[in-house]
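Q: The structure is given below, and queries will be raised subsequently.
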Amino acid sequence: MADRECLPIPLTRTGLRLQWSFPFLGFLALRFSLLLLNLEEYYFEQHRANHIWHKDSHHERKIRGSLKICSKSVIFEPDAISQPIIKIPLRDCITIGKHGENGANRHFTKAKSGGISLIFSQVYFIKEHNVVAPYKIERGKMEYVFELDVPGKVEDVVETLLQLHRASCLDKLGDQTAMITAILQSRLARTSFDKNRFQNICERLHMECKAEMVTPLVTNPGHVCITDTNLYFQPLNGYPKPVVQITLQDVRRIYKRRHGLMPLGLEVFCTEDDLCSDIYLKFYEPQDRDDLYFYIATYLEHHVAEHTAESYMLQWQRGHLSNYQYLLHLNNLADRSCNDLSQYPVFPWIIHDYSSSELDLSNPGTFRDLSKPVGALNKERLERLLTRYQEMHEPKFMYGSHYSSPGYVLFYLVRIAPEYMLCLQNGRFDNADRMFNSIAETWKNCLDGATDFKELIPEFYGDDVSFLVNSLKLDLGKRQGGQMVDDVELPPWASSPEDFLQKSKDALESSYVSEHLHEWIDLIFGYKQKGSDAVGAHNVFHPLTYEGGVDLTSIQDPDEKVAMLTQILEFGQTPKQLFVTPHPRRITPKFKSWSQTSSYNASMADSPVSPGEESFEDLTEESKTLAWDSIAKLQLHEQYKIHKEAVTGITVSRNGSSVFTTSQDSTLKMFSKESKMLQRSISFSNMALSSCLLLPGDATVISSSWDNNVYFYSIAFGRRQDTLMGHDDAVSKICWHDNRLYSASWDSTVKVWSGVPAEMPGTKRHHFDLLAELEHDVSVDTISLNAASTLLVSGTKEGTVNIWDLTTATLMHQIPCHSGIVCDTAFSPDSRHVLSTGADGCLNVIDVQTGMLISSMTSDEPQRCFVWDGNSVLSGSQSGELLIWDLLGAKISERIQGHTGAVTCIWMNEQCSSIITGGEDRQIIFWKLQY
């Protein structure tokens, strides 16, 4: 559990509530916010006070408000919203002291026993009349006096201000940071979480530590406390409220995060369907973060299913997640968070056409090439960049800016988050001509600009149009042409902001994007993110943007460390790499082309989107869907002990009346389901039989044996009619299709034979031709064919799963995915995936196209055999239970008691309505579905 990186659950709605997803926008209704502080500045305490304002030497006026002491400034927030908020940088202060001690108070006629005097050279005026606008600056020597309500606090406040002033005036930034950090830690050490804030007096404290609550551009220090029922955060300054409380029962997802490239972050979600978390915490020690994560993860273990990037991939491939939802999950897993602007979720530009009057989503030319990064979309610009790259000294990079950074995020969101832009840019908006003015202009600049390679953000595919509309009536400046910056100019094909977002969403979910989105994922989250594959894809950014690009702990110089961290945070960061092999493409009804050239392509081309989709060619589809929907209601119907050792194979006649079984007791038995009696018992040798199958026509049963042979038994004539001595060791499993026999053996081979057995005993034995021999390194324990018999999957005793192209007898993929014997393997009905079970208790789903292990679930015991429909699995376990697995939900959804020993084989009919299992307890069990 301690090594888990996330415990998320699936999003359940296509559209997320993005209207207020940008964290803490709701708090901006308050005049003061932490965004008024400088970057990396802390808000320590506040005091009710009067600002003593003078017109001349004889007239004074008191302005009521709150004086806030921050690590790099003093901020006075007047109660009257007509008055501006005053911010005085401590580095610009000339003198700080009690009023009357500075010798510069000639304008004040009355003594102020509770007064604090600040003489300074620069002051900012912010939000006059509560209007968000660029800060006004007044320069020149001046004095302000603030009269505290509690005169006894004056000396302490003055002492604090003097200490912070000394820190602000240090020459080196690293020394400033070190001194302020020491002051902060001293304050945190002198305080602790107020236990009176517990929701219930019966709560048991589990752990308490120091941490900071993270929101975009700011962090707020305080104390974290976790009990058996709640997670609490108490800000040191009581802002924005005295305590933040989250009920553990409400938690749905938690993620470990990098913050400032350090493993210190933890993000908690109480919702299944929101982009924004409920709290993001940054700890001072990795161990504190890990301990808290472990406690919550342990609590969640029985409530919430664990998901990995691979398990989400499986859901996306099979159409259970939209492209939008899948990209959100990948961003979350790759450390992208709305609370961290340097790692804000990144989404692709999808549309290339921003000039036509109609948007044609059926035309491939409408779309951007998703196989290339933005910087490589313009051939001429790319050639210039490559020339520079080739002439560059190591470390080389192709692009001098990133595709996602705080500046780019706020470029898009300035209309709904103006205070964030002002915070990032020292109280100013960007130049009017560089603002987000037009969709088409922005796209053109991304194609042609020398340094502009930015991608998009989730809001472009959400429901809230606010970021496109200047509803706050902000004065964002005047462009060179004379027009004011107002609403974002939309492309001709969009009739309104709502229409633009709807068409953008339609484009993201279109067939073209579904077929090509994996190419973009390879660039951003996958194998083309780093190394030689990134170079080949022209996808190389500055080394500082990559995880592990710099080790901040190894930098001794504090100035260099602060400067490096600032550069990293402002420049942007590449997501954590999630995939190291090519990402599989999505399963869509029809693909235009396939990269591989084999009959695999033909067998895949017209497969359904999902197993549950109606097909006119398969009249059993409805029956299958109904059966699998009811699989959890499986009930034991009848059971019979017909063998003396473990049952190893089951096959049933087409009409369902006769059941044939093999066993380690060396016998093949024929059991009548109608009369419930054993009809025949056949022994071919004194060694165990390992599997059996019925040939088409129900006239012949084939059995494989540990004596290296395959036996053909005629049902009509009641005798053995053929023996194939095909291997040098035990035959472990056999398959049959279209007059071809496939035999797996402990002699490390799978052999493909052509031939038809004799129709009558006594006639000349048929000669079996060896068509192919599939060589393995070790014993082969199981094999399975896909529906078209163009692919074969084999599992070995050392845990390797192999996928073979039977048309060329070549190995497509070799995946070492189990730590012991592979017990069973099978293709999904659409042949897109392979499922394998092993002695290690794992169920692994492998993508056939890429060979990627895309999902792995674990049970506490081996699953010896299974059947599945691509989404759900019915497996037989070592203990005798039948387990029902929800692969898309990544959980075991039902346990059904069956055998008293291991379940060794499962048979299911074509309609999935009849199930028989065999076990080590020598029994066969007939199961009944309850619809």
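By convention here, the chains of the structure tokens are called A, B, ... in the order presented, each chain's residues are numbered starting at 1, and ligands are numbered starting at 1 in the order presented.
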Counting only C-alpha atoms, what is within 9 Å of A:Gln245, bar same-chain residues fewer than 4 positions away, as a list in words?

A: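 Close residues of A:Gln245: Phe198, Gln199, Asn230, Leu231, Tyr232, Phe233 and Gln234 of chain A.
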
Q: Pick out the residues sitting within 7 Å of stretch 479-488 of chain A, and hand them over as a list in words; count only C-alpha atoms, and ignore anything fewer than 6 positions along from it in its own chain.

A: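 After dropping sequence-adjacent residues, the list is Ala432, Asp433, Phe436, Asn437, Ser438, Leu468, Val469 and Asn470 of chain A.
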
Q: Could you name the residues that touch stretch 578-590 of chain A at 9 Å or less, counting only C-alpha atoms, but leaving out those on the same chain fewer than 5 positions away, as an mmCIF file with N, CA and C atoms, in the first residue's frame?

A:
data_model
loop_
_atom_site.group_PDB
_atom_site.id
_atom_site.type_symbol
_atom_site.label_atom_id
_atom_site.label_comp_id
_atom_site.auth_asym_id
_atom_site.auth_seq_id
_atom_site.Cartn_x
_atom_site.Cartn_y
_atom_site.Cartn_z
ATOM 1 N N ALA A 309 -2.954 4.255 -14.708
ATOM 2 C CA ALA A 309 -3.105 4.772 -16.069
ATOM 3 C C ALA A 309 -3.540 3.653 -17.003
ATOM 4 N N GLU A 310 -3.012 2.454 -16.786
ATOM 5 C CA GLU A 310 -3.341 1.334 -17.653
ATOM 6 C C GLU A 310 -4.799 0.909 -17.515
ATOM 7 N N MET A 313 -6.823 3.269 -19.276
ATOM 8 C CA MET A 313 -6.651 3.036 -20.711
ATOM 9 C C MET A 313 -7.625 1.960 -21.196
ATOM 10 N N TRP A 316 -11.035 3.415 -21.466
ATOM 11 C CA TRP A 316 -11.103 4.320 -22.626
ATOM 12 C C TRP A 316 -11.149 3.526 -23.922
ATOM 13 N N GLN A 317 -10.285 2.528 -24.050
ATOM 14 C CA GLN A 317 -10.254 1.728 -25.267
ATOM 15 C C GLN A 317 -11.608 1.104 -25.578
ATOM 16 N N ARG A 318 -12.292 0.667 -24.541
ATOM 17 C CA ARG A 318 -13.543 -0.050 -24.740
ATOM 18 C C ARG A 318 -14.750 0.884 -24.726
ATOM 19 N N GLY A 319 -14.505 2.197 -24.737
ATOM 20 C CA GLY A 319 -15.597 3.144 -24.885
ATOM 21 C C GLY A 319 -16.332 3.490 -23.611
ATOM 22 N N LEU A 330 -5.431 11.023 -17.097
ATOM 23 C CA LEU A 330 -3.991 10.975 -17.357
ATOM 24 C C LEU A 330 -3.297 12.185 -16.758
ATOM 25 N N LEU A 333 -2.986 11.624 -13.032
ATOM 26 C CA LEU A 333 -1.969 10.629 -12.706
ATOM 27 C C LEU A 333 -0.561 11.135 -12.996
ATOM 28 N N ALA A 334 -0.445 12.118 -13.886
ATOM 29 C CA ALA A 334 0.872 12.645 -14.262
ATOM 30 C C ALA A 334 1.229 13.906 -13.474
ATOM 31 N N SER A 511 -14.545 10.748 -34.464
ATOM 32 C CA SER A 511 -13.883 9.507 -34.867
ATOM 33 C C SER A 511 -12.408 9.743 -35.177
ATOM 34 N N SER A 514 -10.515 10.111 -31.935
ATOM 35 C CA SER A 514 -10.483 8.817 -31.237
ATOM 36 C C SER A 514 -9.457 7.881 -31.864
ATOM 37 N N GLU A 515 -9.286 7.965 -33.176
ATOM 38 C CA GLU A 515 -8.333 7.106 -33.867
ATOM 39 C C GLU A 515 -6.889 7.573 -33.712
ATOM 40 N N HIS A 516 -6.694 8.862 -33.377
ATOM 41 C CA HIS A 516 -5.334 9.420 -33.365
ATOM 42 C C HIS A 516 -4.885 9.978 -32.013
ATOM 43 N N LEU A 517 -5.778 9.994 -31.029
ATOM 44 C CA LEU A 517 -5.422 10.607 -29.745
ATOM 45 C C LEU A 517 -4.236 9.909 -29.090
ATOM 46 N N HIS A 518 -4.104 8.612 -29.310
ATOM 47 C CA HIS A 518 -2.978 7.885 -28.706
ATOM 48 C C HIS A 518 -1.636 8.434 -29.178
ATOM 49 N N GLU A 519 -1.591 9.031 -30.366
ATOM 50 C CA GLU A 519 -0.337 9.588 -30.877
ATOM 51 C C GLU A 519 0.083 10.805 -30.059
ATOM 52 N N ILE A 521 -0.891 11.330 -26.932
ATOM 53 C CA ILE A 521 -0.577 10.804 -25.597
ATOM 54 C C ILE A 521 0.862 10.293 -25.568
ATOM 55 N N ASP A 522 1.311 9.669 -26.652
ATOM 56 C CA ASP A 522 2.711 9.220 -26.729
ATOM 57 C C ASP A 522 3.678 10.389 -26.538
ATOM 58 N N PHE A 525 2.534 12.128 -22.500
ATOM 59 C CA PHE A 525 2.590 11.251 -21.328
ATOM 60 C C PHE A 525 3.347 9.953 -21.587
ATOM 61 N N GLY A 526 3.775 9.721 -22.831
ATOM 62 C CA GLY A 526 4.250 8.398 -23.189
ATOM 63 C C GLY A 526 5.695 8.286 -23.618
ATOM 64 N N TYR A 527 5.954 7.300 -24.455
ATOM 65 C CA TYR A 527 7.333 6.905 -24.753
ATOM 66 C C TYR A 527 8.087 7.923 -25.602
ATOM 67 N N LYS A 528 7.363 8.827 -26.281
ATOM 68 C CA LYS A 528 8.034 9.864 -27.069
ATOM 69 C C LYS A 528 8.304 11.122 -26.253
ATOM 70 N N GLN A 529 8.110 11.029 -24.949
ATOM 71 C CA GLN A 529 8.349 12.190 -24.088
ATOM 72 C C GLN A 529 9.833 12.410 -23.830
ATOM 73 N N MET A 604 -9.633 -7.366 -37.119
ATOM 74 C CA MET A 604 -10.005 -6.276 -36.237
ATOM 75 C C MET A 604 -10.930 -5.254 -36.885
ATOM 76 N N ALA A 605 -10.857 -5.117 -38.195
ATOM 77 C CA ALA A 605 -11.362 -3.925 -38.867
ATOM 78 C C ALA A 605 -12.800 -3.598 -38.583
ATOM 79 N N ASP A 606 -13.655 -4.609 -38.492
ATOM 80 C CA ASP A 606 -15.070 -4.335 -38.334
ATOM 81 C C ASP A 606 -15.602 -4.785 -36.983
ATOM 82 N N SER A 607 -14.725 -4.847 -36.001
ATOM 83 C CA SER A 607 -15.169 -5.288 -34.690
ATOM 84 C C SER A 607 -16.025 -4.217 -34.044
ATOM 85 N N PRO A 608 -16.915 -4.616 -33.162
ATOM 86 C CA PRO A 608 -17.800 -3.621 -32.544
ATOM 87 C C PRO A 608 -17.058 -2.738 -31.570
ATOM 88 N N VAL A 609 -17.665 -1.618 -31.197
ATOM 89 C CA VAL A 609 -17.070 -0.697 -30.234
ATOM 90 C C VAL A 609 -16.916 -1.378 -28.894
ATOM 91 N N SER A 610 -17.908 -2.162 -28.510
ATOM 92 C CA SER A 610 -17.827 -2.889 -27.255
ATOM 93 C C SER A 610 -18.608 -4.176 -27.387
ATOM 94 N N ARG A 832 -9.057 -7.597 -29.238
ATOM 95 C CA ARG A 832 -8.207 -6.433 -28.939
ATOM 96 C C ARG A 832 -7.286 -6.675 -27.752
ATOM 97 N N ASP A 847 -2.738 -5.359 -24.265
ATOM 98 C CA ASP A 847 -3.209 -4.849 -25.539
ATOM 99 C C ASP A 847 -2.532 -5.630 -26.665
ATOM 100 N N VAL A 848 -3.344 -6.207 -27.549
ATOM 101 C CA VAL A 848 -2.792 -7.061 -28.606
ATOM 102 C C VAL A 848 -1.975 -6.259 -29.607
ATOM 103 N N GLN A 849 -2.437 -5.069 -29.928
ATOM 104 C CA GLN A 849 -1.753 -4.265 -30.946
ATOM 105 C C GLN A 849 -0.337 -3.888 -30.532
ATOM 106 N N THR A 850 -0.179 -3.454 -29.273
ATOM 107 C CA THR A 850 1.123 -2.929 -28.833
ATOM 108 C C THR A 850 1.893 -3.882 -27.926
ATOM 109 N N GLY A 851 1.194 -4.873 -27.350
ATOM 110 C CA GLY A 851 1.846 -5.741 -26.374
ATOM 111 C C GLY A 851 1.979 -5.095 -25.015
ATOM 112 N N MET A 852 1.306 -3.953 -24.810
ATOM 113 C CA MET A 852 1.408 -3.243 -23.536
ATOM 114 C C MET A 852 0.531 -3.904 -22.473
#

Q: If we count only C-alpha atoms, what is near stretch 439-441 of chain A at a cut-off of 9 Å, once residues fewer than 3 positions away on the same chain are taken out, given as JSON, numbers by chain?

A: {"A": [353, 354, 355, 436, 444, 445, 446, 488, 489, 490, 491]}

Q: Taking into account only C-alpha atoms, which residue in the set A:Asp805, A:Asp738, A:Asp278, A:Glu547 is nearest to A:Gly260?

A: A:Glu547

Q: When you count only C-alpha atoms, which of these residues is closest to A:Ser748: A:Gly838, A:Gly449, A:Pro364, A:Gly795?

A: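 Of all the options, A:Gly795 lies closest to A:Ser748.
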
Q: Determine the nearest neighbour of A:Leu161 from the options A:Tyr124, A:Phe44, A:Phe571, A:Tyr399, counting only C-alpha atoms.

A: A:Phe44
